[in-house]
Amino acid sequence: MSETGGTDVTPGQVPGLSSTSDAAVDEALSTLVGLEDQPLRAHVAVFDAVHGALQDRLADAEG
């Protein structure tokens with residue numbers, strides 16, 4: 001298991017999701033895998049981390 005509570009999944013290999021062709025986005029989304037098996041209070045931290053990672057990637061893309 002990863003620190004965020006998800007299972008270790010290779011980016012781009014998230015079950016039920018196809019690759020976004022962006023490694024940073026795929027990695028962020030992979031932290032959601034297995035979240036449904038975690039306590040509800042753990043979800044907020046994971047969602048916050050994913051949101052932050054996606055914001056960072058968007059900022060990088062905008063230059």
# chains A, B, ... in the order shown; residues from 1 in each chain; ligands from 1

call {"tool": "residues_around", "arguments": {"residues": "Ala53 in chain A", "least_positions_apart": "2", "cutoff": "12 Å", "atoms": "only C-alpha atoms", "output": "MDAnalysis selection string"}}
result
chainID A and resid 23:31 46:51 55:60

call {"tool": "atom_distance", "arguments": {"atom1": "CA of Gln38 in chain A", "atom2": "CA of Leu17 in chain A"}}
result
19.8 Å
